[in-house]
Each structure stands twice: as C-alpha cells, then as structure tokens.
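Asker: A single structure is presented below for examination.
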Amino acid sequence: MSAVTNLRAIEILDSRGNPTLQVQAELASGSRASAKVPSGASTGINEAVELRDGDTSRYLGKGVREAVNNVNTEILLALEGFAADDQRAIDETLIRLDGTENKGRLGANAILGVSLAVAHAMASEQGVPLYRRLANRDRYELPVPMFNILNGGQHADNNVDIQEFMVLPLGLPTFSEGLRAAAETFHALKAILKSKGYGTAVGDEGGFAPELKSNEEPMELIVEAIATAGYEPGGDVLIGLDAAASEFCKDGVYVFDQSDGSRRSAVEISAMWADWAARYPLISLEDGFSEVDHSGWKTGTAQLGGQLQLVGDDLFVTNPKIFQAGISDGLANSILIKLNQIGTVTETLDCIQMARDNGYTFIISHRSGETSDTTIADLAVACGGGQIKTGSTCRSDRVAKYNRLLEIEAELGSHAVYAGRQAFGAWL
C-alpha cells in the first residue's frame with residue numbers, strides 16, 4: 001500500500017463564517033483526497049481542543065493559521081513515508097506527536113483533518129467509497145435522519161431555551177421516503193408559523209427560530225406540522241430533542257432564563273421530560289441533564305431510560321475513557337458521536353464499538369459549524385448505528401450530507417436497508 005507523501009492544510013470558513021481547516025493528503029500512488037473539519041458552538045468541557053490563533057486582528061481571534069502550520073510542518077515530517085493503509089498507526093502517531101490529553105498542542109482540528117484526509121485518500125486509492133473502506137460487507141444500513149426543524153438555545157437568537165427540536169421519520173420504508181417526510185414536515189411547519197404570525201428565519205443548523213410563547217409550544221407546533229404534511233405523529237414521524245441542558249444549568253439548578261425564568265431541580269426537570277413524553281410522540285432526548293450533573297443523569301436514566309433514548313453528548317464527548325466511566329455509573333443509554341470531539345477516526349470507531357459492546361445506541365452527528373464535507377454520511381452507513389443527526393434541509397452544508405446518503409442509497413440498491421423503527425426498538 002502507498003505511503004503518505006504530502007499533507008497540505010489551508011484555512012477555510014465554516015457555515016458560521018468562522019475559520020476552520022481543510023487538509024489534503026497525497027499518497028505515493030498519486031491518490032489524493034481532502035477533508036474539512038467542523039466546529040461546535042455548544043461544546044462539552046472535556047472535548048478535544050481546537051487550536052485557535054488568538055490574534056484579534058483577524059477573524060476576532062478565531063484564525064487557525066497555527067493549526068494549518070502544524071499540519072504543513074511538524075505533522076507532515078512525522079507522517080511522510082508512513083504506510084497510509086494502517087489508519088490506527090497513523091492516528092496513534094498523531095496522538096503521541098501531540099503529547100497532550102486533549103490534543104491542545106497541535107490542535108484537535110489539525111489532527112482530525114489529517115486523520116480524515118488519509119482515510120479518504122486510502123479509499124480513493126482502493127477505488128471504493130469511504131463507507132466501504134471503513135467497513136466492507138455485503139449489506140449496509142441507511143440511518144434514520146434526526147432532522148432539526150426548530151432551534152433555540154445556543155443555536156438561535158430567540159426566547160426558546162431548548163436547543164434543538166427534531167423530527168425522526170422512522171416509520172417510513174426507505175431513507176429517501178423518510179427524508180421526504182421530514183422535508184415535507186419542515187415546509188408544513190413553515191406555513192403554520194407564518195399563519196400564526198411567527199418568524200421563519202432559521203438558526204445555525206437550519207431549523208426555524210421564532211419567538212414563541214413557551215418552551216413547550218414547539219412540541220405542539222411540530223405535532224401539527226407532522227399531521228398537516230400527511231403523516232401520523234408517533235407512527236410515521238416522532239420527535240427528538242437536544243436540550244443542551246449544560247447551557248442553562250446554574251449551580252445545579254436548571255434555569256429557563258431565555259423564556260419564562262422558571263427554575264427546576266434535576267428531579268423536577270426529569271418529571272418535565274416524562275410529562276412531555278407522555279403527551280407528545282417524544283422518543284429521543286439528548287443532554288436532558290447537565291454534563292456535570294451526574295446524579296441528575298443517574299436519576300433521570302432510572303426514571304426515563306425505559307421510555308426514551310437518553311443521549312449523552314456533552315456528557316461523553318465521544319471519549320472512550322469518559323464514556324466507559326459513564327457506562328459504569330449507569331448514565332444514559334445512548335451516545336452522540338462527533339469526530340471532532342475526540343479528534344481521530346480510530347478513537348471514534350473505538351467509542352462506537354464500546355457503545356455496541358455495552359448495549360448503548362449511537363448517533364453519528366454533525367456540528368453547528370459545518371462545511372460541505374460529507375464524511376459523517378459515509379461513517380453512519382459504515383457503522384450501521386441506524387441514526388444520523390445532521391440538521392435541516394435549508395442549509396447547503398447540511399443538505400450535502402443528506403444528498404450523499406441519497407447517493408449511497410442509489411448506489412447500494414438492494415444491498416441497502418433503512419434502519420427505520422428497528423433503530424428504536426427498545427422504546428417502541
């Protein structure tokens with residue numbers, strides 16, 4: 001197999017207009033491929049660290065020229081001539097080279113860009129799509145899209161505390177039909193919002209971001225939109241939430257200060273989620289408790305785990321060590337997988353395998369600061385977790401992932417199955 005002959009990083013922009021990296025890897029065979037690195041807004045305290053320049057004279061201090069330079073000099077020197085077919089050895093070399101627990105010296109953004117670019121270059125050399133490079137088998141599973149339809153919290157400038165309201169078209173027969181149902185529900189919601197005099201501007205991930213009467217009103221509006229689009233709420237299409245509770249937890253109290261100023265203990269917010277699940281077709285709850293509120297997570301998991309997929313994002317940050325500790329403590333029953341939270345392909349795959357081994361579901365996810373890169377679509381198909389979270393259909397950086405999944409579905413034909421309801425079998 002070919003060796004790495006060149007790495008070249010440049011500074012590009014993400015979907016929020018902030019700098020990020022594109023890295024191109026070239027192999028001795030002449031094969032080359034590039035990867036673009038996403039960036040999060042609502043971030044966990046234990047995430048791998050993006051390296052930013054801090055030079056306030058450009059991009060408000062968010063430039064990534066130092067990370068770019070690290071790829072083009074130190075990382076290239078370490079990997080030049082390295083066998084590109086051994087992804088684990090590539091990634092372990094990057095980790096050792098950085099030498100920190102959080103990849104903060106070279107930058108997780110620099111390290112991930114290289115890790116992904118090499119994986120893509122090897123797929124190109126082998127003449128196979130990335131999903132087949134990551135997992136070669138006869139049949140593949142297309143994921144249920146967790147489709148962001150309404151934004152609040154850190155992803156919108158409105159009075160809704162809950163960060164994401166999503167529709168999950170798990171009752172449809174194929175991925176393409178599921179995507180159509182989600183898109184039609186999105187358009188139905190837009191018409192409903194307009195009819196009520198609400199704004200239809202969108203947030204970071206393409207969901208609508210109107211000023212509303214309460215945190216619960218989005219649930220009512222989404223149920224109405226599902227039915228208006230011609231689908232059955234709770235049958236064809238269900239609802240998922242990303243509460244991002246770490247963002248509104250203050251000294252152990254959950255404070256809805258964007259909306260009504262109400263305050264809740266962990267027990268009280270758990271009861272609120274249970275009430276919503278009883279009255280609406282809610283099946284998935286991400287970060288329903290703060291990342292530092294482990295007692296709240298433990299109580300919530302015991303109370304809600306039988307009726308809801310409880311997803312740890314900030315709680316686990318795609319970190320196998322942190323995830324293993326959470327498993328041992330009985331926290332959550334699902335994990336959100338974000339490549340840039342941990343920083344390499346193989347560490348991400350290790351975290352996914354840990355979820356499988358311990359009976360946790362997993363969801364491949366984008367970040368709020370995205371690019372046109374479609375790696376996570378291939379990753380979702382390769383890993384077969386049955387769920388992908390990648391925003392709405394009105395931002396091209398999100399649509400790129402959905403379109404890539406449509407390409408994969410067409411390419412695989414009868415060798416592809418849609419995860420659908422099976423992905424949520426424990427809660428249906």
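Each chain in the structure tokens gets a letter, A, B, ..., in the order shown, and its residues are numbered from 1; ligands are numbered from 1 in order too.
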Using DSSP assignments from the backbone, pull out every residue in segment 63-234 of chain A that falls under alpha helix (DSSP H) and give it to me as a VMD selection string.
Answerer: chain A and resid 65 to 70 76 to 79 87 to 98 108 to 126 130 to 134 175 to 195 217 to 228
Asker: Using only C-alpha atoms, which residues of segment 306-417 of chain A come within 10 Å of segment 230-248 of chain A, and what is the closest atom pair for each, with the distance in Å to one decimal? Give it as JSON lines, sorted by chain and residue number.
Answerer:
```
{"residue": "A:Leu308", "atom": "CA", "partner": "A:Gly240", "partner_atom": "CA", "distance": 9.5}
{"residue": "A:Gln309", "atom": "CA", "partner": "A:Gly240", "partner_atom": "CA", "distance": 9.0}
{"residue": "A:Leu310", "atom": "CA", "partner": "A:Leu241", "partner_atom": "CA", "distance": 9.8}
{"residue": "A:Val311", "atom": "CA", "partner": "A:Asp242", "partner_atom": "CA", "distance": 8.6}
{"residue": "A:Gly312", "atom": "CA", "partner": "A:Asp242", "partner_atom": "CA", "distance": 9.8}
{"residue": "A:Asp313", "atom": "CA", "partner": "A:Ala244", "partner_atom": "CA", "distance": 8.5}
{"residue": "A:Asp314", "atom": "CA", "partner": "A:Ser246", "partner_atom": "CA", "distance": 7.7}
{"residue": "A:Leu315", "atom": "CA", "partner": "A:Ser246", "partner_atom": "CA", "distance": 9.1}
```
Asker: Include N, CA, C and O atoms and write out the residues we just selected as a tab-separated table (two decimals), in the first residue's frame.
Answerer:
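Generated output (result.tsv):
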```tsv
chain	number	residue	atom	x	y	z
A	308	LEU	N	-37.44	6.44	26.86
A	308	LEU	CA	-36.77	7.38	25.97
A	308	LEU	C	-35.33	6.94	25.69
A	308	LEU	O	-34.65	6.39	26.57
A	309	GLN	N	-34.88	7.19	24.47
A	309	GLN	CA	-33.46	7.13	24.19
A	309	GLN	C	-32.83	8.36	24.84
A	309	GLN	O	-33.16	9.49	24.51
A	310	LEU	N	-31.93	8.14	25.79
A	310	LEU	CA	-31.28	9.23	26.53
A	310	LEU	C	-29.85	9.35	26.04
A	310	LEU	O	-29.00	8.50	26.34
A	311	VAL	N	-29.58	10.40	25.30
A	311	VAL	CA	-28.34	10.53	24.56
A	311	VAL	C	-27.37	11.44	25.30
A	311	VAL	O	-27.69	12.58	25.64
A	312	GLY	N	-26.17	10.94	25.53
A	312	GLY	CA	-25.11	11.75	26.13
A	312	GLY	C	-24.22	12.36	25.05
A	312	GLY	O	-23.59	11.62	24.28
A	313	ASP	N	-24.19	13.68	24.99
A	313	ASP	CA	-23.29	14.38	24.07
A	313	ASP	C	-22.21	15.07	24.89
A	313	ASP	O	-21.10	14.56	25.01
A	314	ASP	N	-22.53	16.22	25.48
A	314	ASP	CA	-21.57	16.88	26.38
A	314	ASP	C	-21.12	15.93	27.49
A	314	ASP	O	-19.99	16.03	27.99
A	315	LEU	N	-22.00	15.03	27.87
A	315	LEU	CA	-21.70	14.08	28.96
A	315	LEU	C	-20.53	13.18	28.62
A	315	LEU	O	-19.68	12.88	29.48
```
Asker: Pick out the residues sitting within 6 Å of segment 254-258 of chain A, and hand them over as a PyMOL selection string; count only C-alpha atoms, and ignore anything fewer than 5 positions along from it in its own chain.
Answerer: chain A and resi 159-161+248-249+263-264
Asker: Selected residues, N, CA, C and O atoms, written as a short mmCIF file (atom, residue, chain, number, x, y, z; two decimals), in the first residue's frame, please.
Answerer:
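Dumped to again.cif:
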```
data_model
loop_
_atom_site.label_atom_id
_atom_site.label_comp_id
_atom_site.auth_asym_id
_atom_site.auth_seq_id
_atom_site.Cartn_x
_atom_site.Cartn_y
_atom_site.Cartn_z
N ASN A 159 -36.31 33.18 22.19
CA ASN A 159 -36.65 33.01 23.61
C ASN A 159 -36.95 31.56 23.97
O ASN A 159 -37.67 31.28 24.93
N VAL A 160 -36.39 30.62 23.21
CA VAL A 160 -36.58 29.19 23.49
C VAL A 160 -35.29 28.65 24.10
O VAL A 160 -34.21 28.78 23.53
N ASP A 161 -35.39 28.02 25.27
CA ASP A 161 -34.21 27.51 25.96
C ASP A 161 -33.71 26.19 25.39
O ASP A 161 -32.50 25.93 25.42
N PHE A 248 -28.05 25.76 30.34
CA PHE A 248 -28.94 26.51 31.23
C PHE A 248 -28.97 25.94 32.64
O PHE A 248 -29.88 26.22 33.42
N CYS A 249 -27.95 25.17 33.00
CA CYS A 249 -27.83 24.67 34.37
C CYS A 249 -26.87 25.59 35.14
O CYS A 249 -25.72 25.79 34.72
N ARG A 263 -37.32 27.88 37.33
CA ARG A 263 -36.18 27.13 37.85
C ARG A 263 -36.63 25.73 38.24
O ARG A 263 -37.70 25.55 38.81
N ARG A 264 -35.79 24.74 37.92
CA ARG A 264 -36.14 23.34 38.22
C ARG A 264 -34.93 22.59 38.76
O ARG A 264 -33.81 22.79 38.29
#
```
Asker: Which residues are close to Pro19 of chain A, i.e. within 9 Å by only C-alpha atoms, leaving aside same-chain residues fewer than 3 positions away? Reply as a ChimeraX atom specification.
Answerer: /A:11-14,16,52,59,62-64
Asker: Would you mind exporting N, CA, C and O atoms of the selected residues as an mmCIF file, in the first residue's frame?
Answerer:
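Below you can see part-v3.cif, which holds the result:
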```
data_model
loop_
_atom_site.group_PDB
_atom_site.id
_atom_site.type_symbol
_atom_site.label_atom_id
_atom_site.label_comp_id
_atom_site.auth_asym_id
_atom_site.auth_seq_id
_atom_site.Cartn_x
_atom_site.Cartn_y
_atom_site.Cartn_z
ATOM 1 N N GLU A 11 -6.541 27.355 5.479
ATOM 2 C CA GLU A 11 -7.604 27.915 6.308
ATOM 3 C C GLU A 11 -8.817 28.181 5.419
ATOM 4 O O GLU A 11 -8.708 28.857 4.395
ATOM 5 N N ILE A 12 -9.969 27.631 5.795
ATOM 6 C CA ILE A 12 -11.219 27.867 5.084
ATOM 7 C C ILE A 12 -12.255 28.360 6.088
ATOM 8 O O ILE A 12 -11.936 28.549 7.269
ATOM 9 N N LEU A 13 -13.487 28.553 5.646
ATOM 10 C CA LEU A 13 -14.554 29.016 6.526
ATOM 11 C C LEU A 13 -15.601 27.934 6.739
ATOM 12 O O LEU A 13 -15.895 27.141 5.835
ATOM 13 N N ASP A 14 -16.185 27.919 7.954
ATOM 14 C CA ASP A 14 -17.286 27.003 8.224
ATOM 15 C C ASP A 14 -18.615 27.719 7.977
ATOM 16 O O ASP A 14 -18.654 28.858 7.503
ATOM 17 N N ARG A 16 -20.678 29.120 9.844
ATOM 18 C CA ARG A 16 -20.934 30.343 10.604
ATOM 19 C C ARG A 16 -19.976 31.463 10.224
ATOM 20 O O ARG A 16 -19.954 32.511 10.861
ATOM 21 N N ARG A 52 -6.891 27.675 18.147
ATOM 22 C CA ARG A 52 -7.196 28.973 17.550
ATOM 23 C C ARG A 52 -6.024 29.922 17.804
ATOM 24 O O ARG A 52 -5.359 29.850 18.844
ATOM 25 N N TYR A 59 -10.231 37.665 12.111
ATOM 26 C CA TYR A 59 -11.292 36.723 12.476
ATOM 27 C C TYR A 59 -11.600 36.723 13.969
ATOM 28 O O TYR A 59 -11.921 35.675 14.558
ATOM 29 N N LYS A 62 -10.158 34.028 16.011
ATOM 30 C CA LYS A 62 -10.521 32.627 15.757
ATOM 31 C C LYS A 62 -9.757 31.994 14.594
ATOM 32 O O LYS A 62 -10.089 30.887 14.166
ATOM 33 N N GLY A 63 -8.771 32.677 14.067
ATOM 34 C CA GLY A 63 -7.992 32.111 12.976
ATOM 35 C C GLY A 63 -7.336 30.787 13.351
ATOM 36 O O GLY A 63 -7.136 30.483 14.531
ATOM 37 N N VAL A 64 -6.980 30.005 12.331
ATOM 38 C CA VAL A 64 -6.387 28.683 12.580
ATOM 39 C C VAL A 64 -5.063 28.525 11.829
ATOM 40 O O VAL A 64 -4.674 27.422 11.456
#
```
Asker: Tell me, as a short mmCIF file (atom, residue, chain, number, x, y, z; two decimals) with C-alpha atoms, in the first residue's frame, which residues lie within 10 Å of segment 131-138 of chain A, counting only C-alpha atoms; anything in the same chain fewer than 3 positions away does not count.
Answerer:
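Contents of the output file part-v6.cif:
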```cif
data_model
loop_
_atom_site.label_atom_id
_atom_site.label_comp_id
_atom_site.auth_asym_id
_atom_site.auth_seq_id
_atom_site.Cartn_x
_atom_site.Cartn_y
_atom_site.Cartn_z
CA ASP A 85 -3.33 1.76 4.94
CA GLN A 87 -5.26 4.08 9.99
CA ALA A 119 -8.75 7.79 5.32
CA HIS A 120 -10.28 9.44 2.25
CA MET A 122 -6.84 5.40 1.02
CA ALA A 123 -10.44 4.95 -0.10
CA SER A 124 -9.54 6.77 -3.32
CA GLN A 126 -8.60 1.44 -3.38
CA GLY A 127 -11.29 2.79 -5.68
CA VAL A 128 -14.03 2.37 -3.08
CA VAL A 345 -11.00 8.23 13.06
CA THR A 346 -9.90 5.22 15.11
CA LEU A 349 -14.59 3.88 15.91
CA THR A 375 -17.65 12.21 5.85
CA ILE A 376 -20.29 11.63 8.51
CA ALA A 377 -22.77 10.28 5.94
CA ASP A 378 -20.30 7.53 4.99
CA LEU A 379 -19.43 6.97 8.66
CA ALA A 380 -23.10 6.47 9.54
CA VAL A 381 -23.51 3.86 6.80
CA ALA A 382 -20.23 2.13 7.62
CA CYS A 383 -21.03 1.81 11.33
CA GLY A 384 -24.67 0.83 10.93
CA ILE A 408 -25.25 5.83 -1.27
CA LEU A 412 -26.30 0.15 -2.96
CA HIS A 415 -27.88 -4.10 -0.67
CA ALA A 416 -29.17 -1.24 1.49
#
```
Asker: Using only C-alpha atoms, can you tell me which of A:Ser115, A:Asn109, A:Thr5, A:Thr390 comes closest to Ile90 of chain A?
Answerer: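 When distances to Ile90 of chain A are compared using only C-alpha atoms, the smallest one comes from A:Ser115.
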Asker: Find the residues near Asn340 of chain A: any atom within 8 Å, counting only C-alpha atoms, skip ones fewer than 6 places away on the same chain, and give them as a list of chain:residue names.
Answerer: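 That gives A:Val37, A:Pro38, A:Ser39, A:Ala48, A:Ala108, A:Asn109, A:Leu112.
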Asker: Those same residues - all heavy atoms - I'd like them written as a PDB file, in the first residue's frame.
Answerer:
```pdb
ATOM      1  N   VAL A  37     -12.855  20.229   8.402  1.00  0.00           N
ATOM      2  CA  VAL A  37     -13.080  19.992   9.827  1.00  0.00           C
ATOM      3  C   VAL A  37     -14.210  20.888  10.337  1.00  0.00           C
ATOM      4  O   VAL A  37     -14.164  22.104  10.139  1.00  0.00           O
ATOM      5  CB  VAL A  37     -11.790  20.259  10.619  1.00  0.00           C
ATOM      6  CG1 VAL A  37     -12.012  20.024  12.114  1.00  0.00           C
ATOM      7  CG2 VAL A  37     -10.652  19.390  10.094  1.00  0.00           C
ATOM      8  N   PRO A  38     -15.222  20.307  11.022  1.00  0.00           N
ATOM      9  CA  PRO A  38     -16.310  21.116  11.577  1.00  0.00           C
ATOM     10  C   PRO A  38     -15.943  21.726  12.928  1.00  0.00           C
ATOM     11  O   PRO A  38     -14.881  21.429  13.487  1.00  0.00           O
ATOM     12  CB  PRO A  38     -17.437  20.101  11.733  1.00  0.00           C
ATOM     13  CG  PRO A  38     -16.708  18.831  12.074  1.00  0.00           C
ATOM     14  CD  PRO A  38     -15.423  18.884  11.282  1.00  0.00           C
ATOM     15  N   SER A  39     -16.859  22.550  13.452  1.00  0.00           N
ATOM     16  CA  SER A  39     -16.623  23.206  14.747  1.00  0.00           C
ATOM     17  C   SER A  39     -17.940  23.361  15.485  1.00  0.00           C
ATOM     18  O   SER A  39     -18.967  23.651  14.867  1.00  0.00           O
ATOM     19  CB  SER A  39     -15.992  24.587  14.532  1.00  0.00           C
ATOM     20  OG  SER A  39     -15.813  25.255  15.763  1.00  0.00           O
ATOM     21  N   ALA A  48     -11.938  17.448  22.938  1.00  0.00           N
ATOM     22  CA  ALA A  48     -10.620  17.762  22.403  1.00  0.00           C
ATOM     23  C   ALA A  48     -10.612  19.224  21.949  1.00  0.00           C
ATOM     24  O   ALA A  48     -11.630  19.763  21.525  1.00  0.00           O
ATOM     25  CB  ALA A  48     -10.301  16.831  21.236  1.00  0.00           C
ATOM     26  N   ALA A 108      -6.777  19.673  17.970  1.00  0.00           N
ATOM     27  CA  ALA A 108      -7.642  18.581  17.520  1.00  0.00           C
ATOM     28  C   ALA A 108      -8.136  18.831  16.104  1.00  0.00           C
ATOM     29  O   ALA A 108      -8.387  17.882  15.350  1.00  0.00           O
ATOM     30  CB  ALA A 108      -8.821  18.420  18.476  1.00  0.00           C
ATOM     31  N   ASN A 109      -8.281  20.104  15.735  1.00  0.00           N
ATOM     32  CA  ASN A 109      -8.714  20.415  14.373  1.00  0.00           C
ATOM     33  C   ASN A 109      -7.650  20.003  13.355  1.00  0.00           C
ATOM     34  O   ASN A 109      -7.965  19.460  12.290  1.00  0.00           O
ATOM     35  CB  ASN A 109      -9.103  21.889  14.235  1.00  0.00           C
ATOM     36  CG  ASN A 109      -8.165  22.857  14.927  1.00  0.00           C
ATOM     37  OD1 ASN A 109      -7.203  22.466  15.595  1.00  0.00           O
ATOM     38  ND2 ASN A 109      -8.435  24.149  14.787  1.00  0.00           N
ATOM     39  N   LEU A 112      -7.523  15.966  13.436  1.00  0.00           N
ATOM     40  CA  LEU A 112      -8.669  15.342  12.777  1.00  0.00           C
ATOM     41  C   LEU A 112      -8.608  15.537  11.266  1.00  0.00           C
ATOM     42  O   LEU A 112      -8.899  14.615  10.500  1.00  0.00           O
ATOM     43  CB  LEU A 112      -9.982  15.908  13.316  1.00  0.00           C
ATOM     44  CG  LEU A 112     -11.249  15.336  12.659  1.00  0.00           C
ATOM     45  CD1 LEU A 112     -11.343  13.830  12.863  1.00  0.00           C
ATOM     46  CD2 LEU A 112     -12.492  16.030  13.188  1.00  0.00           C
TER      47      LEU A 112
END
```
Asker: Excluding Ile364 of chain A and any residue of its chain fewer than 2 positions from it, enumerate the residues within 7 Å of it, using only C-alpha atoms, and give them as a count of residues only.
Answerer: 9
Asker: From the list A:Ala3, A:Gly203, A:Met219, A:Lys103, which residue is nearest Glu50 of chain A when using only C-alpha atoms?
Answerer: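 Smallest distance to Glu50 of chain A is found for A:Lys103.
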Asker: Between A:Pro320, A:Gly330, A:Gly199, A:Gly369, which has the minimum distance to Thr301 of chain A (counting only C-alpha atoms)?
Answerer: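 Comparing A:Pro320, A:Gly330, A:Gly199, A:Gly369 against Thr301 of chain A, the winner is A:Gly330.
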Asker: With only C-alpha atoms as the atoms that count, which of A:Ser31, A:Gln163, A:Ser372, A:Asn6 lies nearest to Asn72 of chain A?
Answerer: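 Among the listed residues, A:Asn6 lies closest to Asn72 of chain A.
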Asker: In Å, rounded to a single decimal, give me how far atom CA of Glu66 of chain A is from atom CA of Asp53 of chain A.
Answerer: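 Answer for the atom CA of Asp53 of chain A to atom CA of Glu66 of chain A separation: 6.1 Å.
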